[in-house]
Every structure is written in C-alpha cells, then in structure tokens.
file run19.pdb (PDB, C-alpha atoms)
ATOM      1  CA  MET A   1       5.124  13.672  -7.272
ATOM      2  CA  PHE A   2       2.282  11.199  -6.769
ATOM      3  CA  ARG A   3      -0.003  11.728  -3.768
ATOM      4  CA  ALA A   4      -2.699   9.174  -2.954
ATOM      5  CA  SER A   5      -5.005  11.842  -1.529
ATOM      6  CA  SER A   6      -5.076  13.636  -4.890
ATOM      7  CA  VAL A   7      -6.210  10.462  -6.658
ATOM      8  CA  LEU A   8      -9.057   9.362  -4.424
ATOM      9  CA  SER A   9     -11.400  12.330  -4.604
ATOM     10  CA  THR A  10     -14.520  10.149  -4.513
ATOM     11  CA  ILE A  11     -15.381   6.478  -4.480
ATOM     12  CA  LYS A  12     -18.390   4.505  -5.614
ATOM     13  CA  VAL A  13     -19.753   1.583  -3.672
ATOM     14  CA  VAL A  14     -21.668  -1.068  -5.600
ATOM     15  CA  ILE A  15     -23.891  -3.369  -3.543
ATOM     16  CA  HIS A  16     -25.610  -6.333  -5.170
ATOM     17  CA  ARG A  17     -28.636  -7.849  -3.434
ATOM     18  CA  SER A  18     -30.797 -10.775  -4.606
ATOM     19  CA  PHE A  19     -33.993 -10.982  -2.595
ATOM     20  CA  LYS A  20     -36.016 -14.121  -1.980
ATOM     21  CA  PRO A  21     -39.267 -13.903  -3.962
ATOM     22  CA  HIS A  22     -42.182 -12.489  -1.944
ATOM     23  CA  SER A  23     -40.165 -12.402   1.268
ATOM     24  CA  LEU A  24     -39.377  -8.743   1.907
ATOM     25  CA  GLY A  25     -42.770  -7.504   3.113
ATOM     26  CA  LEU A  26     -43.533  -4.109   4.597
ATOM     27  CA  ASP A  27     -40.965  -4.405   7.403
ATOM     28  CA  GLY A  28     -38.208  -5.246   4.937
ATOM     29  CA  HIS A  29     -39.110  -2.296   2.746
ATOM     30  CA  LYS A  30     -39.100  -0.025   5.798
ATOM     31  CA  ALA A  31     -35.598  -1.261   6.695
ATOM     32  CA  LEU A  32     -34.353  -0.465   3.171
ATOM     33  CA  VAL A  33     -35.893   3.024   3.310
ATOM     34  CA  GLU A  34     -34.254   3.608   6.696
ATOM     35  CA  LEU A  35     -30.899   2.468   5.283
ATOM     36  CA  LYS A  36     -31.248   5.075   2.530
ATOM     37  CA  GLU A  37     -32.219   7.788   5.039
ATOM     38  CA  LEU A  38     -29.262   6.848   7.231
ATOM     39  CA  ALA A  39     -26.903   7.209   4.253
ATOM     40  CA  LEU A  40     -28.367  10.634   3.450
ATOM     41  CA  GLN A  41     -27.450  11.804   6.965
ATOM     42  CA  GLN A  42     -23.896  10.398   6.860
ATOM     43  CA  ALA A  43     -21.051  12.879   6.457
ATOM     44  CA  GLY A  44     -19.341  12.308   3.117
ATOM     45  CA  PHE A  45     -22.373  10.811   1.343
ATOM     46  CA  VAL A  46     -22.743  12.253  -2.172
ATOM     47  CA  SER A  47     -25.486  10.307  -3.973
ATOM     48  CA  SER A  48     -27.021   6.919  -4.648
ATOM     49  CA  GLU A  49     -29.227   5.103  -7.091
ATOM     50  CA  VAL A  50     -30.983   1.742  -7.094
ATOM     51  CA  LEU A  51     -31.072  -0.329 -10.272
ATOM     52  CA  THR A  52     -33.558  -3.175 -10.558
ATOM     53  CA  ASN A  53     -33.062  -5.983 -13.051
ATOM     54  CA  VAL A  54     -35.844  -5.727 -15.648
ATOM     55  CA  GLU A  55     -35.940  -9.520 -16.008
ATOM     56  CA  ASP A  56     -35.889 -10.278 -12.271
ATOM     57  CA  TYR A  57     -37.157  -7.522  -9.978
ATOM     58  CA  HIS A  58     -35.755  -9.378  -6.945
ATOM     59  CA  ASP A  59     -32.243  -8.576  -8.239
ATOM     60  CA  GLN A  60     -30.960  -5.092  -7.333
ATOM     61  CA  ILE A  61     -27.782  -3.072  -7.473
ATOM     62  CA  ILE A  62     -27.250  -0.012  -5.309
ATOM     63  CA  ILE A  63     -24.573   2.438  -6.427
ATOM     64  CA  SER A  64     -23.594   5.081  -3.903
ATOM     65  CA  GLN A  65     -20.954   7.769  -4.173
ATOM     66  CA  TRP A  66     -18.850   8.917  -1.209
ATOM     67  CA  GLU A  67     -16.409  11.790  -0.808
ATOM     68  CA  THR A  68     -13.706   9.529   0.678
ATOM     69  CA  PRO A  69     -13.102   5.875   1.519
ATOM     70  CA  GLU A  70     -13.158   6.897   5.187
ATOM     71  CA  ALA A  71     -16.697   8.302   4.857
ATOM     72  CA  TRP A  72     -17.853   4.965   3.425
ATOM     73  CA  LYS A  73     -16.029   3.029   6.174
ATOM     74  CA  GLN A  74     -17.780   5.081   8.856
ATOM     75  CA  PHE A  75     -21.157   4.390   7.282
ATOM     76  CA  ALA A  76     -20.366   0.713   6.740
ATOM     77  CA  MET A  77     -19.530   0.334  10.437
ATOM     78  CA  ASN A  78     -22.504   2.400  11.692
ATOM     79  CA  SER A  79     -24.241   0.320  14.375
ATOM     80  CA  ARG A  80     -27.761   1.230  13.195
ATOM     81  CA  ARG A  81     -26.801   0.237   9.633
ATOM     82  CA  GLN A  82     -25.543  -3.099  10.951
ATOM     83  CA  GLU A  83     -28.873  -3.703  12.750
ATOM     84  CA  LEU A  84     -30.877  -2.902   9.627
ATOM     85  CA  LEU A  85     -28.681  -5.149   7.487
ATOM     86  CA  LYS A  86     -29.288  -8.052   9.861
ATOM     87  CA  HIS A  87     -33.010  -7.597   9.266
ATOM     88  CA  VAL A  88     -32.564  -7.395   5.488
ATOM     89  CA  ALA A  89     -30.147 -10.371   5.370
ATOM     90  CA  GLY A  90     -32.938 -12.810   6.198
ATOM     91  CA  HIS A  91     -34.661 -11.823   2.960
ATOM     92  CA  LEU A  92     -31.644 -12.373   0.707
ATOM     93  CA  LEU A  93     -30.923 -15.444  -1.395
ATOM     94  CA  GLU A  94     -27.205 -14.974  -0.673
ATOM     95  CA  PRO A  95     -25.119 -12.469   1.285
ATOM     96  CA  GLU A  96     -24.924  -9.064  -0.344
ATOM     97  CA  ASP A  97     -21.834  -8.407  -2.437
ATOM     98  CA  ILE A  98     -20.111  -5.067  -1.762
ATOM     99  CA  ARG A  99     -17.372  -3.650  -3.976
ATOM    100  CA  VAL A 100     -15.669  -0.272  -3.757
ATOM    101  CA  TYR A 101     -14.467   1.493  -6.891
ATOM    102  CA  THR A 102     -12.499   4.624  -7.656
ATOM    103  CA  PRO A 103     -12.542   6.578 -10.923
ATOM    104  CA  GLY A 104      -9.958   5.492 -13.456
ATOM    105  CA  ALA A 105      -7.728   2.472 -13.516
ATOM    106  CA  PHE A 106      -4.692   2.104 -11.311
ATOM    107  CA  THR A 107      -1.751  -0.011 -12.299
ATOM    108  CA  ALA A 108       1.569  -0.505 -10.578
ATOM    109  CA  GLY A 109       4.218   1.132 -12.689
ATOM    110  CA  PRO A 110       5.538   4.607 -13.499
ATOM    111  CA  GLY A 111       4.182   7.059 -10.943
ATOM    112  CA  ILE A 112       2.407   4.508  -8.753
ATOM    113  CA  SER A 113       4.021   1.713  -6.792
ATOM    114  CA  GLU A 114       2.619  -1.544  -5.495
ATOM    115  CA  ALA A 115       2.874  -0.118  -1.956
ATOM    116  CA  THR A 116       0.769   2.877  -3.001
ATOM    117  CA  LEU A 117      -1.848   0.537  -4.468
ATOM    118  CA  GLN A 118      -1.968  -1.310  -1.130
ATOM    119  CA  ASN A 119      -2.508   2.011   0.678
ATOM    120  CA  LEU A 120      -5.296   2.976  -1.732
ATOM    121  CA  ARG A 121      -7.003  -0.347  -1.117
ATOM    122  CA  GLY A 122      -6.790   0.081   2.629
ATOM    123  CA  GLY A 123      -6.554  -3.691   2.814
ATOM    124  CA  GLU A 124     -10.352  -3.945   2.944
ATOM    125  CA  TYR A 125     -11.692  -3.153  -0.500
ATOM    126  CA  GLN A 126     -12.365  -5.304  -3.529
ATOM    127  CA  GLY A 127     -11.985  -2.353  -5.850
ATOM    128  CA  ALA A 128     -11.499  -1.614  -9.502
ATOM    129  CA  TYR A 129      -7.753  -1.849  -9.306
ATOM    130  CA  THR A 130      -5.414  -3.579 -11.729
ATOM    131  CA  ASP A 131      -2.391  -5.291 -10.210
ATOM    132  CA  ARG A 132      -0.417  -5.440 -13.452
ATOM    133  CA  ARG A 133       3.299  -4.660 -13.357
ATOM    134  CA  HIS A 134       4.969  -2.738 -16.171
ATOM    135  CA  ASP A 135       8.208  -4.305 -17.324
ATOM    136  CA  ASN A 136       9.641  -1.120 -18.844
TER     137      ASN A 136
END

call {"tool": "encode", "arguments": {"input": "run19.pdb", "output": "structure tokens"}}
result
Amino acid sequence: MFRASSVLSTIKVVIHRSFKPHSLGLDGHKALVELKELALQQAGFVSSEVLTNVEDYHDQIIISQWETPEAWKQFAMNSRRQELLKHVAGHLLEPEDIRVYTPGAFTAGPGISEATLQNLRGGEYQGAYTDRRHDN
C-alpha cells in the first residue's frame, strides 16, 4: 500500500536570486549570512550550498535540503527570515524564485493517485512533479 509519508523522506528547496550589480554592500551580505545561520538553527534543516554563475556572479542558486516539507514551511514562515528577505529583496533584479523538489519523479497512475499528488504538493509547492495520467 502506498503511503505519502514513506515517499517524502527529504525535500530540496532551490532558490534563484539575481542581484543588482554593485548593490548588495556589507549590510546585504550580513543579511545573507544571517539567513544561512538561521537555517542552520532550524529543526529539520539538513544542508545547503550556494552556486554562483561563473559568467555572472550576481546570479546565484541556493539549494537546501530539509527533512520534511513541514520543516521547510516553518523556516519559510519564520518572522526573522521574512525581515531579512525584505532587506535582501531591495537588492534583487526580480523577486526570488523558490521551487521545492522531492527525490524521484511522481506520476499519477498505478500506486499513486491524483489526490495523493495533491497531498504531496500541499497546494503550495512548485515541485518536480509530473501530472501525467497513465491510460493503462
């Protein structure tokens, strides 16, 4: 029998940020460091890495791993995180793009229903899910 809790052991959150050239400054860097430190203290945080585009160092991707979607949700809604993001947002060319992924590919079909996919998404994630129906 399929159980959603057995599928979602961890998730990865991918955040894309494009900074305005020469705008971040010391205060902006301090806010980013504090965001990282805040994540390290959050229950359910596993790891993270920052990737910087070699052709445009203002373009970054942050990949963090969380034990559960709920752990990420708690961190995403953390009031201090929200304050820090407001400070960082003024230095971005566009709003950050956040996507949540789970290992593997999920498709509606044998063993997993469309309703189960909706539950996995939680209605809030733009994840790595495939909404393809199997005809057989």

call {"tool": "resolve_selection", "arguments": {"input": "run19.pdb", "expression": "the PyMOL selection byres ((chain A and resi 82-99) around 7)", "output": "PyMOL selection string"}}
result
chain A and resi 13-20+23-24+28+31+35+77-81+100-101+125-127

call {"tool": "axis_aligned_box", "arguments": {"input": "run19.pdb", "around": "region 14-21 of chain A", "padding_each_side": "8 Å", "output": "AutoDock Vina command-line options"}}
result
--center_x -30.5 --center_y -7.6 --center_z -3.8 --size_x 33.6 --size_y 29.1 --size_z 19.6

call {"tool": "residues_around", "arguments": {"input": "run19.pdb", "residues": "Glu67 (chain A)", "least_positions_apart": "3", "cutoff": "7 Å", "atoms": "all atoms listed in the file", "output": "NGL selection string"}}
result
:A and (9-11 or 44-46 or 71)

call {"tool": "closest_residue", "arguments": {"input": "run19.pdb", "among": "A:Pro21, A:Lys30, A:Gln41, A:Thr102", "to": "Tyr57 (chain A)", "atoms": "all atoms listed in the file"}}
result
A:Pro21

call {"tool": "atom_distance", "arguments": {"input": "run19.pdb", "atom1": "CA of Pro103 (chain A)", "atom2": "CA of Thr68 (chain A)"}}
result
12.0 Å

call {"tool": "atom_distance", "arguments": {"input": "run19.pdb", "atom1": "CA of Gln60 (chain A)", "atom2": "CA of Leu40 (chain A)"}}
result
19.2 Å

call {"tool": "atom_distance", "arguments": {"input": "run19.pdb", "atom1": "CA of Ile62 (chain A)", "atom2": "CA of Gln74 (chain A)"}}
result
17.8 Å

call {"tool": "residues_around", "arguments": {"input": "run19.pdb", "residues": "Ser47 (chain A)", "least_positions_apart": "6", "cutoff": "8 Å", "atoms": "all atoms listed in the file", "output": "PyMOL selection string"}}
result
chain A and resi 40+64-66

call {"tool": "decode", "arguments": {"input": "run19.pdb", "residues": "region 13-96 of chain A", "atoms": "C-alpha atoms", "output": "PDB file, in the first residue's frame"}}
result
ATOM      1  CA  VAL A  13      14.479  23.756  -1.989  1.00  0.00           C
ATOM      2  CA  VAL A  14      16.019  25.635  -4.906  1.00  0.00           C
ATOM      3  CA  ILE A  15      16.089  29.427  -4.617  1.00  0.00           C
ATOM      4  CA  HIS A  16      17.221  31.554  -7.547  1.00  0.00           C
ATOM      5  CA  ARG A  17      18.366  35.116  -6.863  1.00  0.00           C
ATOM      6  CA  SER A  18      19.663  37.689  -9.373  1.00  0.00           C
ATOM      7  CA  PHE A  19      21.273  40.615  -7.597  1.00  0.00           C
ATOM      8  CA  LYS A  20      21.557  44.137  -8.952  1.00  0.00           C
ATOM      9  CA  PRO A  21      25.204  44.835  -9.824  1.00  0.00           C
ATOM     10  CA  HIS A  22      27.139  46.530  -7.004  1.00  0.00           C
ATOM     11  CA  SER A  23      24.037  46.931  -4.857  1.00  0.00           C
ATOM     12  CA  LEU A  24      24.362  44.376  -2.066  1.00  0.00           C
ATOM     13  CA  GLY A  25      27.003  46.053   0.104  1.00  0.00           C
ATOM     14  CA  LEU A  26      28.112  44.961   3.553  1.00  0.00           C
ATOM     15  CA  ASP A  27      24.616  45.107   5.071  1.00  0.00           C
ATOM     16  CA  GLY A  28      23.214  42.899   2.324  1.00  0.00           C
ATOM     17  CA  HIS A  29      25.982  40.362   2.791  1.00  0.00           C
ATOM     18  CA  LYS A  30      25.347  40.359   6.543  1.00  0.00           C
ATOM     19  CA  ALA A  31      21.646  39.660   5.907  1.00  0.00           C
ATOM     20  CA  LEU A  32      22.533  36.690   3.672  1.00  0.00           C
ATOM     21  CA  VAL A  33      24.931  35.305   6.298  1.00  0.00           C
ATOM     22  CA  GLU A  34      22.229  35.675   8.954  1.00  0.00           C
ATOM     23  CA  LEU A  35      19.748  33.851   6.702  1.00  0.00           C
ATOM     24  CA  LYS A  36      22.206  30.953   6.454  1.00  0.00           C
ATOM     25  CA  GLU A  37      22.775  30.939  10.232  1.00  0.00           C
ATOM     26  CA  LEU A  38      19.023  30.990  10.819  1.00  0.00           C
ATOM     27  CA  ALA A  39      18.597  27.954   8.547  1.00  0.00           C
ATOM     28  CA  LEU A  40      21.347  26.104  10.427  1.00  0.00           C
ATOM     29  CA  GLN A  41      19.377  26.553  13.665  1.00  0.00           C
ATOM     30  CA  GLN A  42      16.037  25.441  12.172  1.00  0.00           C
ATOM     31  CA  ALA A  43      14.757  21.999  13.134  1.00  0.00           C
ATOM     32  CA  GLY A  44      14.707  19.766  10.066  1.00  0.00           C
ATOM     33  CA  PHE A  45      17.487  21.582   8.180  1.00  0.00           C
ATOM     34  CA  VAL A  46      19.912  19.092   6.600  1.00  0.00           C
ATOM     35  CA  SER A  47      22.313  21.032   4.357  1.00  0.00           C
ATOM     36  CA  SER A  48      22.708  23.807   1.821  1.00  0.00           C
ATOM     37  CA  GLU A  49      25.013  25.040  -0.880  1.00  0.00           C
ATOM     38  CA  VAL A  50      25.288  28.254  -2.875  1.00  0.00           C
ATOM     39  CA  LEU A  51      26.114  28.107  -6.574  1.00  0.00           C
ATOM     40  CA  THR A  52      27.294  31.247  -8.335  1.00  0.00           C
ATOM     41  CA  ASN A  53      27.072  31.600 -12.100  1.00  0.00           C
ATOM     42  CA  VAL A  54      30.633  31.704 -13.463  1.00  0.00           C
ATOM     43  CA  GLU A  55      29.568  34.098 -16.230  1.00  0.00           C
ATOM     44  CA  ASP A  56      27.537  36.422 -13.991  1.00  0.00           C
ATOM     45  CA  TYR A  57      28.464  36.438 -10.303  1.00  0.00           C
ATOM     46  CA  HIS A  58      25.276  38.385  -9.494  1.00  0.00           C
ATOM     47  CA  ASP A  59      23.283  35.244 -10.391  1.00  0.00           C
ATOM     48  CA  GLN A  60      23.019  32.659  -7.587  1.00  0.00           C
ATOM     49  CA  ILE A  61      21.187  29.467  -6.782  1.00  0.00           C
ATOM     50  CA  ILE A  62      20.808  28.209  -3.232  1.00  0.00           C
ATOM     51  CA  ILE A  63      19.984  24.528  -2.794  1.00  0.00           C
ATOM     52  CA  SER A  64      18.930  23.474   0.684  1.00  0.00           C
ATOM     53  CA  GLN A  65      17.827  20.076   1.910  1.00  0.00           C
ATOM     54  CA  TRP A  66      15.135  19.600   4.566  1.00  0.00           C
ATOM     55  CA  GLU A  67      13.948  16.523   6.435  1.00  0.00           C
ATOM     56  CA  THR A  68      10.273  17.244   5.661  1.00  0.00           C
ATOM     57  CA  PRO A  69       8.129  19.747   3.774  1.00  0.00           C
ATOM     58  CA  GLU A  70       6.832  20.915   7.158  1.00  0.00           C
ATOM     59  CA  ALA A  71      10.360  21.803   8.329  1.00  0.00           C
ATOM     60  CA  TRP A  72      10.814  23.958   5.219  1.00  0.00           C
ATOM     61  CA  LYS A  73       7.384  25.581   5.709  1.00  0.00           C
ATOM     62  CA  GLN A  74       8.283  26.528   9.281  1.00  0.00           C
ATOM     63  CA  PHE A  75      11.531  28.101   8.124  1.00  0.00           C
ATOM     64  CA  ALA A  76       9.866  29.830   5.178  1.00  0.00           C
ATOM     65  CA  MET A  77       7.342  31.443   7.533  1.00  0.00           C
ATOM     66  CA  ASN A  78       9.905  32.360  10.231  1.00  0.00           C
ATOM     67  CA  SER A  79       9.365  36.042  11.062  1.00  0.00           C
ATOM     68  CA  ARG A  80      13.100  36.828  11.276  1.00  0.00           C
ATOM     69  CA  ARG A  81      13.619  35.187   7.866  1.00  0.00           C
ATOM     70  CA  GLN A  82      10.831  37.348   6.451  1.00  0.00           C
ATOM     71  CA  GLU A  83      12.511  40.507   7.827  1.00  0.00           C
ATOM     72  CA  LEU A  84      15.867  39.552   6.333  1.00  0.00           C
ATOM     73  CA  LEU A  85      14.288  38.754   2.969  1.00  0.00           C
ATOM     74  CA  LYS A  86      12.683  42.196   2.872  1.00  0.00           C
ATOM     75  CA  HIS A  87      16.155  43.687   3.243  1.00  0.00           C
ATOM     76  CA  VAL A  88      17.607  41.433   0.536  1.00  0.00           C
ATOM     77  CA  ALA A  89      14.660  41.995  -1.854  1.00  0.00           C
ATOM     78  CA  GLY A  90      15.715  45.589  -2.483  1.00  0.00           C
ATOM     79  CA  HIS A  91      18.959  44.297  -3.976  1.00  0.00           C
ATOM     80  CA  LEU A  92      17.347  41.855  -6.409  1.00  0.00           C
ATOM     81  CA  LEU A  93      16.670  42.449 -10.092  1.00  0.00           C
ATOM     82  CA  GLU A  94      13.462  40.409  -9.754  1.00  0.00           C
ATOM     83  CA  PRO A  95      11.718  38.545  -6.935  1.00  0.00           C
ATOM     84  CA  GLU A  96      13.488  35.370  -5.901  1.00  0.00           C
TER      85      GLU A  96
END
